[in-house]
Amino acid sequence: MRPADRLFSPRRLGDPIGAAKGKGVGNQDSSATPQGAPLPGVWRFGDAVLDEQQAALKLSGAVVELDRSGYDVLLALLKHAGEVVTKEELLEAGWPGRVVSENSLAKAVSRLRQALGPQGANVRAVHGYGYRLASPVSFQPAADERTAVRPHSGPDLYEGDAMPHRPGWRLVRRLGEGGAGATFLVRSDDGEERVAKIATSESGLRGLKREIALARYIGAVRADLPDVARVLGWNLSQAPFFLELPYFPHGHLAEWAARPDGLPSLSRAQRIALCAQLCDAVAGLHEIGVIHKDLKPENLYPVRDAAGNWRLVLADLGAGETVHAPRLIELGITLSIAAEHMRERAGSLLYLAPEVIAGEMPTQRSDVFALGVLVYQLLVGDMRRSLAPGWEADIDDELLCEDIALAAAAKPLRRLLPARGLARSLQHLEERREQFLHNRDAERQHARMQRTIERQRARRPWLIATAAALALGVGAGSALYVKALEAGRAARENAAVADAVNRFFNQDVLGAASPYASNGNREPTVREALDRAIARIDERLRDQPIVEATVRMTIGQVYGEAMQIPQAIEQEQRALELFERHLGPDDVRTQQARYRLATDLTDDSRFTEAKTLIDSTDTLRRELEIDDVETTLLSRRAGCYWYIRRAQYDAGLAACEGVVESQLAFDANDHTALIKARTNLAVLHSRAGRIDQAEAQFVKVHESFIALDDRDSPTRLRVDYLHGMNLVALRRYDQASQTLETAYRGSVAALGAENPHTLEVQMGLAKLHMLRSRPAEAVPLLRHAHAAYERQLGKDSHFTIESREALDAALCALGRDPSGALPSDARAACLGESRPQAGDRSNA
């Protein structure tokens with residue numbers, strides 16, 4: 001079996017495919033130039049050595065200083081040594097995400113040549129195209145990829161150290177730390193204090209650049225915004241990279257709110273004024289087209305103005321990342337936690353709008369949702385309390401309840417107040433209250449007059465006419481009455497289930513986001529919050545089996561999104577048992593649960609179970625003549641997924657084409673679902689050798705990304721990877737290499753190097769190296785992927801087995817080392833000794 005690549009599952013990204021049918025390992029490219037090793041290592045050319053682990057260049061053993069852009073341009077030339085690298089590619093490498101002129105590139109190349117000394121002559125211009133490195137290059141990957149130092153990470157920094165690149169400044173105290181960087185209080189020799197935000201990873205550096213760009217834009221467009229933290233300075237030329245912000249001695253909002261002289265000291269009127277000021281500050285950003293994306297207490301800082309009044313300053317404008325996850329819709333609930341969210345603090349969910357949790361793009365209305373939560377917390381004096389059902393009891397003002405409810409409505413279209421409108425509502429609360437009381441008195445007086453008029457009317461003639469009409473309509477209306485009764489009963493049942501499910505997630509899942517629910521001093525992660533909620537399902541919902549089934553099925557889908565397949569199957573099986581026992585097999589909810597479970601069984605290599613479930617449910621639906629669009633869509637999704645997993649591409653064509661057709665009929669505006677459906681169809685075409693048809697589908701997929709304005713989400717990265725594998729099948733290796741490298745770097749930054757989706761891009765790069773007759777570059781990638789798959793998914797997973805087979809093939813192709821001995825773990829592969837085969841585990 002060939003190395004595995006993945007496509008989209010019905011909800012998440014991931015499924016094994018290969019190159020086009022009939023395409024095997026060949027020798028189309030005999031060049032020895034390494035094409036973009038995704039892991040850090042050491043590059044050698046002439047007497048120059050570039051060490052990615054140290055982000056350092058040495059000539060004849062002496063360190064040579066390079067600025068950041070020069071370093072990245074050199075690295076791009078090394079990865080494509082001997083080839084022409086276009087100006088556009090070098091501009092993107094040296095200045096990612098920025099618009100700079102070609103003159104900047106020319107200056108960077110000039111500085112690079114000067115730094116390289118005699119080696120600089122090998123950086124040659126190809127007029128009208130770009131540059132190339134005309135020098136033999138060798139590459140040695142890091143000895144241990146899992147512990148490799150992140151590129152560009154600066155020296156370890158400690159309290160009391162001198163501030164790098166800032167003479168006269170010193171690190172005073174560490175204020176915080178995250179996956180992308182750390183923040184320090186820094187102080188100059190003359191006593192000035194600032195906050196230094198230091199990037200420790202590529203994603204952290206991108207965050208700094210984004211925040212600097214936003215700060216410069218805001219300064220150019222609206223320099224009069226007083227409540228947005230200014231960026232005071234930055235260093236992006238060499239590690240450690242950082243930016244400088246004002247220091248707020250009162251700490252962030254959550255810290256200040258817990259102090260007796262902070263939020264507790266404010267009256268109700270002062271708190272309302274503070275809320276209005278915060279809304280005005282956010283509105284100022286919205287009016288110049290900026291969305292904060294990450295409004296929460298840790299990004300708001302209280303300060304006193306000249307009059308002694310408290311204000312809140314917005315900071316961390318570069319912190320918000322757009323995260324896409326496939327949507328899961330269950331009875332009006334949109335809840336989908338992608339793998340990269342499962343490790344985050346659950347408390348951040350309090351301020352994320354439901355549509356953002358579900359993977360939609362952040363908008364101004366998602367900022368307004370966060371404002372609604374913050375206003376509620378400020379008014380009740382507790383920055384850790386969630387908007388759980390019954391929150392209205394904490395606010396003894398009907399108008400304030402109305403404002404909060406409008407701002408924090410679950411559906412974006414119901415958030416009728418923009419940030420500025422919410423501010424005005426709060427500022428004019430007293431005038432609104434007077435008008436409200438006046439209107440209420442007028443309505444009561446009108447109602448009293450209406451009742452008096454009604455009592456004076458003669459009623460007997462009307463009673464006679466009504467009785468006659470009823471007698472004539474009883475026969476004709478009885479059938480309609482029964483239908484209406486049934487529809488009303490179904491509507492009440494669905495409403496009750498939806499209400500119960502919403503209460504469960506609000507109280508048990510999101511309730512765990514509150515630090516009140518945590519053990520010790522550490523706030524729980526989203527995964528921990530979900531696990532705690534599951535433990536309470538039996539207690540909460542023992543008397544509501546349909547609600548329990550719905551909740552368990554929803555949780556199963558969430559686990560599936562995070563690639564926690566065994567946990568997903570456990571919840572979905574329990575849900576299906578409840579649906580079958582209480583609704584019976586004829587109910588569409590039971591049938592939909594079967595198809596969803598079958599998808600995860602396929603993901604778990606339990607192919608026979610999955611196919612039996614799909615076929616039996618399809619047969620039942622034909623017998624019952626049930627053909628609703630949503631259930632048909634789920635059936636076709638499950639079937640398409642199964643056929644591709646089992647490499648039955650011709651048999652699966654109708655199902656995969658049917659997914660696109662059903663999705664268009666079900667919801668043609670769901671671009672995310674259409675992206676997944678068309679990508680799976682493209683993958684199936686590619687695997688069957690219909691490469692041109694696959695490319696046609698990829699074109700439509702990219703049109704959907706344009707409609708979503710999506711450039712670098714995990715979903716986009718996954719499609720780029722799959723497109724890259726189609727380019728491999730087309731033998732367009734240079735374009736495939738660039739596409740796969742971009743997808744790999746983005747996936748590492750967004751999901752992490754150990755994430756199963758990232759590992760598959762790694763497998764794709766290894767496959768490309770093998771096709772280019774470079775097994776030495778494929779082996780370290782495959783070793784890492786196989787070890788990670790076995791550790792996470794077990795030795796029997798088809799991903800583990802397929803990565804082992806790919807590794808064996810690469811080791812065997814590697815041949816003998818200079819001593820004449822095969823690597824020890826290559827002997828079994830080359831001697832043809834048997835290994836487990838990826839196959840059906842059925843009921844394992």
# chains A, B, ... in the order shown; residues from 1 in each chain; ligands from 1
call {"tool": "residues_around", "arguments": {"residues": "range 103-112 of chain A", "least_positions_apart": "5", "cutoff": "9 Å", "atoms": "only C-alpha atoms", "output": "count of residues only"}}
result
14
call {"tool": "residues_around", "arguments": {"residues": "Asn726 in chain A", "least_positions_apart": "2", "cutoff": "12 Å", "atoms": "only C-alpha atoms", "output": "PyMOL selection string"}}
result
chain A and resi 5-7+17-21+23+679+682-698+719-724+728-733+735-737+739-740+764+768
call {"tool": "residues_around", "arguments": {"residues": "range 278-289 of chain A", "least_positions_apart": "2", "cutoff": "6 Å", "atoms": "only C-alpha atoms", "output": "number ranges by chain"}}
result
A: 227, 275-276, 419-420, 423
call {"tool": "write_last_selection", "arguments": {"atoms": "N, CA and C atoms", "output": "mmCIF file, in the first residue's frame"}}
result
data_model
loop_
_atom_site.group_PDB
_atom_site.id
_atom_site.type_symbol
_atom_site.label_atom_id
_atom_site.label_comp_id
_atom_site.auth_asym_id
_atom_site.auth_seq_id
_atom_site.Cartn_x
_atom_site.Cartn_y
_atom_site.Cartn_z
ATOM 1 N N ASP A 227 -8.318 55.663 23.163
ATOM 2 C CA ASP A 227 -8.417 54.485 24.013
ATOM 3 C C ASP A 227 -7.910 53.221 23.321
ATOM 4 N N CYS A 275 -18.754 51.129 30.765
ATOM 5 C CA CYS A 275 -19.212 50.255 29.674
ATOM 6 C C CYS A 275 -19.427 51.055 28.393
ATOM 7 N N ALA A 276 -20.044 52.203 28.502
ATOM 8 C CA ALA A 276 -20.295 53.033 27.322
ATOM 9 C C ALA A 276 -18.984 53.473 26.681
ATOM 10 N N ALA A 419 -21.655 48.609 17.933
ATOM 11 C CA ALA A 419 -20.922 49.049 19.125
ATOM 12 C C ALA A 419 -21.267 50.488 19.493
ATOM 13 N N ARG A 420 -21.348 51.356 18.488
ATOM 14 C CA ARG A 420 -21.676 52.763 18.774
ATOM 15 C C ARG A 420 -23.107 52.882 19.284
ATOM 16 N N ALA A 423 -23.214 51.878 22.868
ATOM 17 C CA ALA A 423 -22.679 52.964 23.700
ATOM 18 C C ALA A 423 -23.731 54.044 23.921
#
call {"tool": "select_by_dssp", "arguments": {"residues": "range 741-827 of chain A", "states": "alpha helix (DSSP H)", "output": "JSON, numbers by chain"}}
result
{"A": [741, 742, 743, 744, 745, 746, 747, 748, 749, 750, 751, 756, 757, 758, 759, 760, 761, 762, 763, 764, 765, 766, 767, 768, 769, 770, 771, 775, 776, 777, 778, 779, 780, 781, 782, 783, 784, 785, 786, 787, 788, 789, 790, 791, 792, 793, 798, 799, 800, 801, 802, 803, 804, 805, 806, 807, 808, 809, 810, 811, 812, 813, 814, 827]}
call {"tool": "residues_around", "arguments": {"residues": "Pro302 in chain A", "least_positions_apart": "3", "cutoff": "7 Å", "atoms": "only C-alpha atoms", "output": "list in words"}}
result
His250, His252, Leu253, Trp310, Arg311, Leu312 and Val313 of chain A
